[in-house]
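Novice: Next comes the structure file input-v1.cif, holding mmCIF, C-alpha atoms.
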data_start
loop_
_atom_site.group_PDB
_atom_site.id
_atom_site.type_symbol
_atom_site.label_atom_id
_atom_site.label_comp_id
_atom_site.auth_asym_id
_atom_site.auth_seq_id
_atom_site.Cartn_x
_atom_site.Cartn_y
_atom_site.Cartn_z
ATOM 1 C CA MET A 1 9.524 -110.362 134.249
ATOM 2 C CA LEU A 2 10.945 -108.559 131.216
ATOM 3 C CA GLY A 3 7.454 -107.383 130.277
ATOM 4 C CA LEU A 4 6.962 -105.787 133.700
ATOM 5 C CA ARG A 5 10.298 -103.979 133.544
ATOM 6 C CA ALA A 6 9.754 -102.823 129.954
ATOM 7 C CA ARG A 7 6.346 -101.365 130.749
ATOM 8 C CA ALA A 8 7.761 -99.551 133.739
ATOM 9 C CA ALA A 9 10.568 -98.116 131.652
ATOM 10 C CA ALA A 10 8.088 -96.809 129.106
ATOM 11 C CA GLN A 11 5.851 -95.177 131.681
ATOM 12 C CA LEU A 12 8.315 -93.743 134.149
ATOM 13 C CA PRO A 13 9.232 -90.190 133.218
ATOM 14 C CA CYS A 14 12.499 -88.350 132.981
ATOM 15 C CA PRO A 15 12.436 -85.881 135.829
ATOM 16 C CA SER A 16 12.266 -82.175 135.191
ATOM 17 C CA SER A 17 15.485 -80.515 134.151
ATOM 18 C CA SER A 18 14.960 -77.659 136.579
ATOM 19 C CA PRO A 19 18.206 -76.900 138.380
ATOM 20 C CA SER A 20 16.256 -76.416 141.577
ATOM 21 C CA SER A 21 15.242 -80.078 141.741
ATOM 22 C CA ALA A 22 16.094 -81.314 145.254
ATOM 23 C CA PRO A 23 17.684 -84.670 146.065
ATOM 24 C CA ALA A 24 15.401 -87.411 147.338
ATOM 25 C CA THR A 25 14.618 -87.014 151.029
ATOM 26 C CA SER A 26 12.185 -89.891 151.529
ATOM 27 C CA LEU A 27 11.915 -93.510 150.509
ATOM 28 C CA ALA A 28 8.793 -92.739 148.493
ATOM 29 C CA ARG A 29 10.887 -90.636 146.111
ATOM 30 C CA PHE A 30 12.545 -93.869 144.947
ATOM 31 C CA ALA A 31 9.242 -94.889 143.363
ATOM 32 C CA ARG A 32 8.212 -91.924 141.249
ATOM 33 C CA LEU A 33 4.901 -92.187 139.329
ATOM 34 C CA THR A 34 4.290 -91.525 135.672
ATOM 35 C CA PRO A 35 2.963 -87.977 135.069
ATOM 36 C CA LEU A 36 -0.021 -89.457 133.258
ATOM 37 C CA ALA A 37 -0.982 -91.821 136.074
ATOM 38 C CA ALA A 38 -4.004 -89.697 136.963
ATOM 39 C CA LEU A 39 -5.217 -90.022 133.395
ATOM 40 C CA ALA A 40 -5.334 -93.822 133.383
ATOM 41 C CA PRO A 41 -9.165 -93.920 133.179
ATOM 42 C CA LEU A 42 -8.950 -91.833 129.996
ATOM 43 C CA ALA A 43 -6.393 -93.998 128.231
ATOM 44 C CA SER A 44 -7.509 -97.136 126.435
ATOM 45 C CA ALA A 45 -3.945 -98.347 125.914
ATOM 46 C CA PRO A 46 -0.616 -97.827 127.670
ATOM 47 C CA PRO A 47 2.423 -96.228 126.050
ATOM 48 C CA PRO A 48 4.524 -98.618 123.934
ATOM 49 C CA PRO A 49 7.017 -100.741 125.857
ATOM 50 C CA ARG A 50 10.713 -99.963 125.594
ATOM 51 C CA ALA A 51 12.543 -103.249 125.186
ATOM 52 C CA ARG A 52 15.942 -103.869 126.733
ATOM 53 C CA ALA A 53 18.339 -106.693 127.393
ATOM 54 C CA SER A 54 17.738 -108.832 130.483
ATOM 55 C CA LEU A 55 20.037 -110.674 132.826
ATOM 56 C CA SER A 56 17.776 -113.668 132.318
ATOM 57 C CA ALA A 57 18.669 -113.652 128.627
ATOM 58 C CA ARG A 58 22.325 -114.250 129.491
ATOM 59 C CA TRP A 59 21.978 -116.639 132.430
ATOM 60 C CA LYS A 60 19.717 -119.590 132.941
ATOM 61 C CA TRP A 61 17.657 -119.283 136.105
ATOM 62 C CA ASN A 62 18.873 -121.794 138.649
ATOM 63 C CA ALA A 63 18.785 -119.850 141.915
ATOM 64 C CA PRO A 64 17.288 -121.557 144.962
ATOM 65 C CA SER A 65 13.708 -120.697 145.772
ATOM 66 C CA ARG A 66 14.751 -119.725 149.299
ATOM 67 C CA LEU A 67 17.866 -117.749 149.997
ATOM 68 C CA GLY A 68 19.565 -119.131 153.056
ATOM 69 C CA GLY A 69 22.103 -117.639 155.438
ATOM 70 C CA THR A 70 24.976 -120.078 154.984
ATOM 71 C CA GLY A 71 26.959 -118.270 152.306
ATOM 72 C CA THR A 72 30.680 -117.675 152.633
ATOM 73 C CA SER A 73 30.826 -114.128 151.237
ATOM 74 C CA SER A 74 32.373 -111.534 153.499
ATOM 75 C CA ARG A 75 30.022 -109.470 155.607
ATOM 76 C CA PRO A 76 29.532 -105.898 154.331
ATOM 77 C CA THR A 77 30.455 -103.071 156.656
ATOM 78 C CA THR A 78 28.996 -99.592 156.853
ATOM 79 C CA ARG A 79 32.388 -98.259 155.824
ATOM 80 C CA VAL A 80 31.928 -99.766 152.349
ATOM 81 C CA PHE A 81 29.532 -97.535 150.473
ATOM 82 C CA CYS A 82 29.835 -98.989 146.987
ATOM 83 C CA THR A 83 31.250 -102.119 145.395
ATOM 84 C CA ALA A 84 31.302 -100.569 141.906
ATOM 85 C CA ALA A 85 34.634 -100.302 140.158
ATOM 86 C CA SER A 86 35.888 -96.804 139.485
ATOM 87 C CA SER A 87 34.721 -95.475 136.108
ATOM 88 C CA PRO A 88 34.374 -92.045 134.474
ATOM 89 C CA GLN A 89 31.414 -90.041 135.758
ATOM 90 C CA ARG A 90 28.617 -89.811 133.217
ATOM 91 C CA GLU A 91 28.303 -86.058 132.772
ATOM 92 C CA GLY A 92 25.172 -84.964 130.938
ATOM 93 C CA LYS A 93 23.709 -88.477 131.021
ATOM 94 C CA GLU A 94 20.529 -90.048 132.353
ATOM 95 C CA LEU A 95 20.513 -93.610 133.646
ATOM 96 C CA LEU A 96 17.789 -96.244 133.629
ATOM 97 C CA VAL A 97 18.103 -97.814 137.079
ATOM 98 C CA GLN A 98 16.488 -100.644 138.990
ATOM 99 C CA HIS A 99 17.285 -101.632 142.574
ATOM 100 C CA LEU A 100 16.209 -103.464 145.670
ATOM 101 C CA LEU A 101 16.476 -102.290 149.272
ATOM 102 C CA VAL A 102 16.930 -104.223 152.509
ATOM 103 C CA GLY A 103 17.316 -102.993 156.067
ATOM 104 C CA ASP A 104 20.525 -101.937 157.808
ATOM 105 C CA LYS A 105 20.723 -105.206 159.732
ATOM 106 C CA ASP A 106 19.851 -107.491 156.803
ATOM 107 C CA VAL A 107 23.427 -107.734 155.552
ATOM 108 C CA ARG A 108 23.326 -111.528 155.294
ATOM 109 C CA LEU A 109 20.229 -111.315 153.121
ATOM 110 C CA LEU A 110 21.971 -108.698 150.989
ATOM 111 C CA VAL A 111 24.971 -110.987 150.444
ATOM 112 C CA ASP A 112 22.754 -113.963 149.601
ATOM 113 C CA LEU A 113 20.739 -111.912 147.101
ATOM 114 C CA GLU A 114 23.909 -110.606 145.483
ATOM 115 C CA LYS A 115 25.304 -114.152 145.238
ATOM 116 C CA SER A 116 22.087 -115.432 143.676
ATOM 117 C CA ILE A 117 22.443 -112.847 140.910
ATOM 118 C CA ILE A 118 26.174 -113.158 140.253
ATOM 119 C CA ALA A 119 26.541 -116.915 140.668
ATOM 120 C CA GLY A 120 23.003 -118.211 140.301
ATOM 121 C CA GLY A 121 21.686 -116.118 137.435
ATOM 122 C CA ALA A 122 18.750 -114.620 139.338
ATOM 123 C CA ASP A 123 17.171 -111.457 137.993
ATOM 124 C CA LEU A 124 17.309 -108.353 140.194
ATOM 125 C CA SER A 125 13.760 -107.349 139.304
ATOM 126 C CA ASP A 126 12.368 -110.713 140.452
ATOM 127 C CA LEU A 127 14.253 -110.439 143.737
ATOM 128 C CA ALA A 128 13.041 -106.863 144.230
ATOM 129 C CA VAL A 129 9.417 -107.958 144.002
ATOM 130 C CA GLU A 130 9.993 -110.554 146.716
ATOM 131 C CA HIS A 131 12.452 -108.865 149.065
ATOM 132 C CA SER A 132 12.691 -105.087 148.543
ATOM 133 C CA LEU A 133 11.466 -102.610 151.159
ATOM 134 C CA CYS A 134 11.137 -99.838 148.562
ATOM 135 C CA PRO A 135 7.715 -99.054 147.034
ATOM 136 C CA SER A 136 9.356 -99.510 143.627
ATOM 137 C CA LYS A 137 9.121 -103.279 144.231
ATOM 138 C CA GLU A 138 5.691 -103.075 142.593
ATOM 139 C CA ASN A 139 7.520 -102.292 139.336
ATOM 140 C CA GLY A 140 10.278 -104.827 139.837
ATOM 141 C CA GLY A 141 12.483 -102.216 141.502
ATOM 142 C CA MET A 142 12.408 -99.974 138.424
ATOM 143 C CA LEU A 143 13.214 -96.331 139.225
ATOM 144 C CA GLY A 144 13.064 -95.112 135.638
ATOM 145 C CA TRP A 145 15.424 -92.550 134.132
ATOM 146 C CA VAL A 146 17.378 -90.588 136.727
ATOM 147 C CA ARG A 147 19.970 -87.823 136.585
ATOM 148 C CA LYS A 148 22.419 -86.280 138.995
ATOM 149 C CA GLY A 149 20.952 -84.339 141.884
ATOM 150 C CA GLN A 150 17.834 -86.475 142.309
ATOM 151 C CA MET A 151 19.032 -89.276 144.574
ATOM 152 C CA VAL A 152 20.798 -89.370 147.915
ATOM 153 C CA PRO A 153 24.563 -88.907 147.399
ATOM 154 C CA GLU A 154 25.672 -92.490 148.090
ATOM 155 C CA PHE A 155 23.095 -93.962 145.707
ATOM 156 C CA GLU A 156 23.937 -91.410 143.021
ATOM 157 C CA GLU A 157 27.670 -92.089 143.316
ATOM 158 C CA ALA A 158 27.121 -95.826 143.006
ATOM 159 C CA ALA A 159 24.765 -95.524 140.026
ATOM 160 C CA PHE A 160 26.903 -93.072 138.068
ATOM 161 C CA SER A 161 30.031 -95.142 138.678
ATOM 162 C CA ALA A 162 28.550 -98.569 137.942
ATOM 163 C CA PRO A 163 29.254 -100.331 134.624
ATOM 164 C CA LEU A 164 26.185 -101.065 132.521
ATOM 165 C CA ASN A 165 24.238 -104.153 133.647
ATOM 166 C CA LYS A 166 26.576 -104.917 136.572
ATOM 167 C CA VAL A 167 24.793 -105.293 139.903
ATOM 168 C CA VAL A 168 26.547 -103.247 142.604
ATOM 169 C CA ARG A 169 26.019 -102.686 146.311
ATOM 170 C CA CYS A 170 25.715 -99.394 148.181
ATOM 171 C CA LYS A 171 24.673 -98.140 151.614
ATOM 172 C CA THR A 172 22.396 -95.150 152.219
ATOM 173 C CA LYS A 173 20.379 -93.826 155.151
ATOM 174 C CA PHE A 174 17.521 -96.079 153.975
ATOM 175 C CA GLY A 175 19.529 -99.289 154.220
ATOM 176 C CA TRP A 176 21.501 -101.522 151.841
ATOM 177 C CA HIS A 177 20.828 -101.439 148.100
ATOM 178 C CA LEU A 178 21.617 -103.655 145.168
ATOM 179 C CA LEU A 179 21.338 -101.540 142.043
ATOM 180 C CA GLN A 180 21.768 -102.073 138.335
ATOM 181 C CA VAL A 181 22.146 -99.529 135.522
ATOM 182 C CA LEU A 182 20.269 -100.926 132.544
ATOM 183 C CA ALA A 183 20.899 -98.174 129.996
ATOM 184 C CA GLU A 184 22.133 -94.623 129.606
ATOM 185 C CA ARG A 185 21.283 -91.780 127.266
ATOM 186 C CA ASP A 186 22.013 -88.102 126.742
ATOM 187 C CA GLN A 187 20.141 -85.928 129.186
ATOM 188 C CA CYS A 188 16.781 -84.767 127.881
ATOM 189 C CA ILE A 189 15.750 -81.110 128.073
ATOM 190 C CA LEU A 190 12.365 -80.050 129.365
ATOM 191 C CA GLN A 191 11.680 -76.372 129.938
ATOM 192 C CA ASP A 192 9.027 -73.683 129.646
ATOM 193 C CA ILE A 193 8.958 -71.256 126.761
ATOM 194 C CA ASP A 194 7.388 -67.817 127.209
ATOM 195 C CA PRO A 195 4.490 -66.962 124.886
ATOM 196 C CA GLU A 196 6.361 -63.922 123.572
ATOM 197 C CA GLU A 197 9.372 -66.041 122.594
ATOM 198 C CA LEU A 198 7.143 -68.611 120.894
ATOM 199 C CA HIS A 199 5.348 -65.839 119.013
ATOM 200 C CA THR A 200 8.665 -64.501 117.719
ATOM 201 C CA LYS A 201 9.730 -67.951 116.568
ATOM 202 C CA MET A 202 6.420 -68.504 114.777
ATOM 203 C CA GLN A 203 7.039 -65.514 112.534
ATOM 204 C CA ASP A 204 9.840 -67.521 110.908
ATOM 205 C CA PRO A 205 8.420 -69.906 108.263
ATOM 206 C CA SER A 206 11.330 -72.299 108.756
ATOM 207 C CA PHE A 207 10.362 -72.724 112.415
ATOM 208 C CA LEU A 208 6.891 -73.943 111.455
ATOM 209 C CA GLU A 209 8.459 -76.429 109.051
ATOM 210 C CA GLU A 210 11.123 -77.798 111.385
ATOM 211 C CA ALA A 211 9.528 -77.733 114.849
ATOM 212 C CA GLN A 212 7.001 -80.268 116.097
ATOM 213 C CA LEU A 213 3.975 -78.441 117.502
ATOM 214 C CA ILE A 214 1.405 -80.317 119.591
ATOM 215 C CA ASP A 215 -1.871 -79.023 121.031
ATOM 216 C CA VAL A 216 -3.312 -81.360 123.678
ATOM 217 C CA ARG A 217 -6.608 -79.520 124.195
ATOM 218 C CA GLU A 218 -9.974 -81.012 123.327
ATOM 219 C CA PRO A 219 -11.612 -80.332 119.918
ATOM 220 C CA ASP A 220 -14.222 -77.981 121.363
ATOM 221 C CA GLU A 221 -11.457 -75.867 122.890
ATOM 222 C CA VAL A 222 -9.484 -75.775 119.653
ATOM 223 C CA ALA A 223 -12.625 -74.544 117.864
ATOM 224 C CA LYS A 224 -12.625 -71.483 120.141
ATOM 225 C CA ALA A 225 -8.948 -70.569 119.702
ATOM 226 C CA SER A 226 -5.976 -72.136 117.939
ATOM 227 C CA LEU A 227 -2.468 -71.431 116.653
ATOM 228 C CA PRO A 228 -1.225 -72.282 113.160
ATOM 229 C CA GLY A 229 0.923 -75.352 112.704
ATOM 230 C CA PHE A 230 -0.136 -77.165 115.879
ATOM 231 C CA LYS A 231 -1.316 -80.755 115.515
ATOM 232 C CA VAL A 232 -4.241 -81.511 117.817
ATOM 233 C CA LEU A 233 -3.758 -84.565 120.026
ATOM 234 C CA PRO A 234 -6.506 -84.380 122.682
ATOM 235 C CA LEU A 235 -5.289 -85.592 126.038
ATOM 236 C CA ARG A 236 -8.477 -87.583 126.551
ATOM 237 C CA GLN A 237 -7.452 -89.648 123.521
ATOM 238 C CA PHE A 238 -3.999 -90.413 124.893
ATOM 239 C CA GLY A 239 -4.681 -94.138 124.681
ATOM 240 C CA THR A 240 -5.020 -93.774 120.907
ATOM 241 C CA TRP A 241 -2.038 -91.598 120.012
ATOM 242 C CA GLY A 242 0.333 -92.413 122.883
ATOM 243 C CA PRO A 243 1.403 -95.863 121.618
ATOM 244 C CA VAL A 244 2.339 -94.524 118.164
ATOM 245 C CA MET A 245 3.909 -91.235 119.228
ATOM 246 C CA THR A 246 7.459 -92.149 118.223
ATOM 247 C CA ASP A 247 6.170 -93.303 114.835
ATOM 248 C CA GLU A 248 4.467 -89.992 114.130
ATOM 249 C CA PHE A 249 7.035 -87.616 115.663
ATOM 250 C CA ASN A 250 10.818 -87.487 115.638
ATOM 251 C CA PRO A 251 12.304 -87.567 119.186
ATOM 252 C CA GLN A 252 15.411 -85.765 117.899
ATOM 253 C CA LYS A 253 13.483 -82.635 116.847
ATOM 254 C CA ASP A 254 12.442 -79.727 119.068
ATOM 255 C CA THR A 255 8.898 -80.367 120.292
ATOM 256 C CA TYR A 256 6.516 -77.709 121.647
ATOM 257 C CA VAL A 257 3.395 -78.612 123.646
ATOM 258 C CA LEU A 258 0.381 -76.340 124.162
ATOM 259 C CA CYS A 259 -2.842 -76.458 126.182
ATOM 260 C CA HIS A 260 -5.187 -73.879 127.754
ATOM 261 C CA HIS A 261 -3.139 -72.823 130.797
ATOM 262 C CA GLY A 262 0.010 -74.945 130.602
ATOM 263 C CA MET A 263 -0.870 -77.741 133.029
ATOM 264 C CA ARG A 264 -1.996 -80.536 130.710
ATOM 265 C CA SER A 265 0.777 -79.690 128.300
ATOM 266 C CA MET A 266 3.346 -80.081 131.093
ATOM 267 C CA GLN A 267 2.041 -83.566 131.815
ATOM 268 C CA VAL A 268 2.441 -84.533 128.177
ATOM 269 C CA ALA A 269 5.821 -82.788 127.938
ATOM 270 C CA LYS A 270 7.131 -84.873 130.849
ATOM 271 C CA TRP A 271 5.828 -88.028 129.239
ATOM 272 C CA LEU A 272 7.460 -87.131 125.915
ATOM 273 C CA GLN A 273 10.708 -86.589 127.769
ATOM 274 C CA SER A 274 10.384 -90.044 129.312
ATOM 275 C CA GLN A 275 10.028 -91.480 125.820
ATOM 276 C CA GLY A 276 13.379 -90.057 124.772
ATOM 277 C CA PHE A 277 12.352 -86.771 123.123
ATOM 278 C CA LYS A 278 15.551 -84.729 123.383
ATOM 279 C CA LYS A 279 14.176 -81.177 123.592
ATOM 280 C CA VAL A 280 10.632 -80.571 124.808
ATOM 281 C CA TYR A 281 9.186 -77.119 125.448
ATOM 282 C CA ASN A 282 6.009 -76.428 127.386
ATOM 283 C CA VAL A 283 4.214 -73.214 126.417
ATOM 284 C CA ALA A 284 4.038 -71.377 129.758
ATOM 285 C CA GLY A 285 0.494 -70.287 130.582
ATOM 286 C CA GLY A 286 -0.890 -72.019 127.511
ATOM 287 C CA ILE A 287 -2.834 -70.415 124.720
ATOM 288 C CA HIS A 288 -4.513 -68.075 127.200
ATOM 289 C CA ALA A 289 -1.168 -66.483 128.096
ATOM 290 C CA TYR A 290 -0.243 -66.424 124.405
ATOM 291 C CA ALA A 291 -3.416 -64.443 123.616
ATOM 292 C CA VAL A 292 -2.910 -62.029 126.515
ATOM 293 C CA LYS A 293 0.840 -61.452 126.207
ATOM 294 C CA ALA A 294 1.807 -62.131 122.611
ATOM 295 C CA ASP A 295 -1.097 -61.959 120.153
ATOM 296 C CA SER A 296 -4.361 -60.240 121.066
ATOM 297 C CA SER A 297 -5.975 -61.505 117.853
ATOM 298 C CA VAL A 298 -6.208 -64.958 119.419
ATOM 299 C CA PRO A 299 -9.512 -65.259 121.313
ATOM 300 C CA THR A 300 -9.589 -66.057 125.029
ATOM 301 C CA TYR A 301 -12.125 -68.356 126.618
#
Can you present the structure in this file as structure tokens?
Specialist:
Amino acid sequence: MLGLRARAAAQLPCPSSSPSSAPATSLARFARLTPLAALAPLASAPPPPRARASLSARWKWNAPSRLGGTGTSSRPTTRVFCTAASSPQREGKELLVQHLLVGDKDVRLLVDLEKSIIAGGADLSDLAVEHSLCPSKENGGMLGWVRKGQMVPEFEEAAFSAPLNKVVRCKTKFGWHLLQVLAERDQCILQDIDPEELHTKMQDPSFLEEAQLIDVREPDEVAKASLPGFKVLPLRQFGTWGPVMTDEFNPQKDTYVLCHHGMRSMQVAKWLQSQGFKKVYNVAGGIHAYAVKADSSVPTY
């Protein structure tokens, strides 16, 4: 099950850092897709897995194959929104979260599942596949990296208060959840950069030496128009360069992504953010906008 969760963690993106991002309003939002999902036919290999510690590594599996209804744990009430102990709020952090969801009336099932994890050593991701009502069950309940403002308030409060790796309970309008925070990291930045601002930066030789510049257009496009210093990584060859991205580029450095009109580059920028790149900038409008607004010597096509 670790392999399934690790692959999901590698593919699920950090959400956009736009302050206008709205909280989740539907169950489907709990199972966000990778921004490169539509490009799967073009990729010959998936992004590299991101390994993490597993509950199964600490406890031997000995949970019953069927979870009965004879437990002695107290019945949850709708007045109890979270069983997490109070802890400092994680300002400026992103959390890697997995969960399972059961219905409002399935409180006995919730208690039995929680007992099987705490006392029996069951893994939350395995239980999510079997019991969860959320579409994320297909990925073992993995939600990927989340930040404040993206989840319903009760779920967010529980996640950002929960100790690492501890399974906690919360109640939302969707039902009862068991959730687990697997890891945390500093919040990644993803934003657009105007062509004029990029042009100004490129006049400074130190910028070209320090920044990581990536052009995701195809070779025939690059032959028509290009900018100095950009390394060409065609999106159609994602399966080749995706798995070794963190070997070739430093996630701690500012990274700028360019395409023709800014759409493909945004897809790659979101994926880079999901891989832990701290500051990723998408060139707004792509090289076409750069030619029109910043440097007329660059051809348009």
Novice: List the neighbours of Val298 in chain A out to 9 Å using only C-alpha atoms; skip same-chain residues closer than 6 positions along the sequence, and give me the result as an NGL selection string.
Specialist: :A and (225-227 or 287-288 or 290-292)
Novice: With the file shown as input, list the residues that the PyMOL selection byres ((chain A and resi 172-188) around 8) selects, as an mmCIF file with C-alpha atoms, in the coordinates of the input.
Specialist:
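The result, stored in selection.cif:
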data_model
loop_
_atom_site.group_PDB
_atom_site.id
_atom_site.type_symbol
_atom_site.label_atom_id
_atom_site.label_comp_id
_atom_site.auth_asym_id
_atom_site.auth_seq_id
_atom_site.Cartn_x
_atom_site.Cartn_y
_atom_site.Cartn_z
ATOM 1 C CA CYS A 14 12.499 -88.350 132.981
ATOM 2 C CA SER A 17 15.485 -80.515 134.151
ATOM 3 C CA LEU A 27 11.915 -93.510 150.509
ATOM 4 C CA ARG A 52 15.942 -103.869 126.733
ATOM 5 C CA ALA A 53 18.339 -106.693 127.393
ATOM 6 C CA PHE A 81 29.532 -97.535 150.473
ATOM 7 C CA GLY A 92 25.172 -84.964 130.938
ATOM 8 C CA LYS A 93 23.709 -88.477 131.021
ATOM 9 C CA GLU A 94 20.529 -90.048 132.353
ATOM 10 C CA LEU A 95 20.513 -93.610 133.646
ATOM 11 C CA LEU A 96 17.789 -96.244 133.629
ATOM 12 C CA VAL A 97 18.103 -97.814 137.079
ATOM 13 C CA GLN A 98 16.488 -100.644 138.990
ATOM 14 C CA HIS A 99 17.285 -101.632 142.574
ATOM 15 C CA LEU A 100 16.209 -103.464 145.670
ATOM 16 C CA LEU A 101 16.476 -102.290 149.272
ATOM 17 C CA VAL A 102 16.930 -104.223 152.509
ATOM 18 C CA GLY A 103 17.316 -102.993 156.067
ATOM 19 C CA ASP A 104 20.525 -101.937 157.808
ATOM 20 C CA ASP A 106 19.851 -107.491 156.803
ATOM 21 C CA VAL A 107 23.427 -107.734 155.552
ATOM 22 C CA LEU A 110 21.971 -108.698 150.989
ATOM 23 C CA GLU A 114 23.909 -110.606 145.483
ATOM 24 C CA LEU A 124 17.309 -108.353 140.194
ATOM 25 C CA ARG A 147 19.970 -87.823 136.585
ATOM 26 C CA VAL A 152 20.798 -89.370 147.915
ATOM 27 C CA GLU A 154 25.672 -92.490 148.090
ATOM 28 C CA PHE A 155 23.095 -93.962 145.707
ATOM 29 C CA ALA A 159 24.765 -95.524 140.026
ATOM 30 C CA ALA A 162 28.550 -98.569 137.942
ATOM 31 C CA PRO A 163 29.254 -100.331 134.624
ATOM 32 C CA LEU A 164 26.185 -101.065 132.521
ATOM 33 C CA ASN A 165 24.238 -104.153 133.647
ATOM 34 C CA LYS A 166 26.576 -104.917 136.572
ATOM 35 C CA VAL A 167 24.793 -105.293 139.903
ATOM 36 C CA VAL A 168 26.547 -103.247 142.604
ATOM 37 C CA ARG A 169 26.019 -102.686 146.311
ATOM 38 C CA CYS A 170 25.715 -99.394 148.181
ATOM 39 C CA LYS A 171 24.673 -98.140 151.614
ATOM 40 C CA ILE A 189 15.750 -81.110 128.073
ATOM 41 C CA LEU A 190 12.365 -80.050 129.365
ATOM 42 C CA GLN A 273 10.708 -86.589 127.769
ATOM 43 C CA GLY A 276 13.379 -90.057 124.772
ATOM 44 C CA PHE A 277 12.352 -86.771 123.123
ATOM 45 C CA LYS A 278 15.551 -84.729 123.383
ATOM 46 C CA LYS A 279 14.176 -81.177 123.592
#
Novice: If we count all atoms listed in the file, what is near range 261-265 of chain A at a cut-off of 10 Å, once residues fewer than 4 positions away on the same chain are taken out, given as a list in words?
Specialist: Pro35, Leu36, Asp192, Ile214, Asp215, Val216, Arg217, Pro234, Leu235, Tyr256, Val257, Ala269, Lys270, Trp271, Tyr281, Asn282, Val283, Ala284, Gly285, Gly286, Ile287, His288, Ala289 and Tyr290 of chain A
Novice: Suppose you want the space between CA of Leu213 in chain A and CA of Gly229 in chain A; what is it in Å?
Specialist: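 CA of Gly229 in chain A lies 6.5 Å from CA of Leu213 in chain A.
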Novice: What is the CA of Trp145 in chain A-CA of Gln275 in chain A distance in Å, reported with one decimal?
Specialist: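 These atoms are spaced 10.0 Å apart.
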Novice: I'd like the neighbourhood of range 205-208 of chain A as number ranges by chain, where a residue qualifies if any of its atoms comes within 12 Å (using all atoms listed in the file), though same-chain residues fewer than 2 positions away should be ignored.
Specialist: A: 198-203, 210-214, 227-231, 253-256
Novice: Kindly give the distance, in Å, that separates CA of Ala119 in chain A and CA of Ser132 in chain A, rounded to a single decimal.
Specialist: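 If I compute the distance from CA of Ala119 in chain A to CA of Ser132 in chain A, I get 19.8 Å.
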Novice: Find the smallest box with edges along x, y and z containing every listed atom of range 237-251 of chain A, then add 4 Å on each side and report centre and edge lengths in Å to one decimal, as AutoDock Vina command-line options.
Specialist:
--center_x 2.4 --center_y -91.7 --center_z 119.5 --size_x 27.8 --size_y 16.4 --size_z 18.8
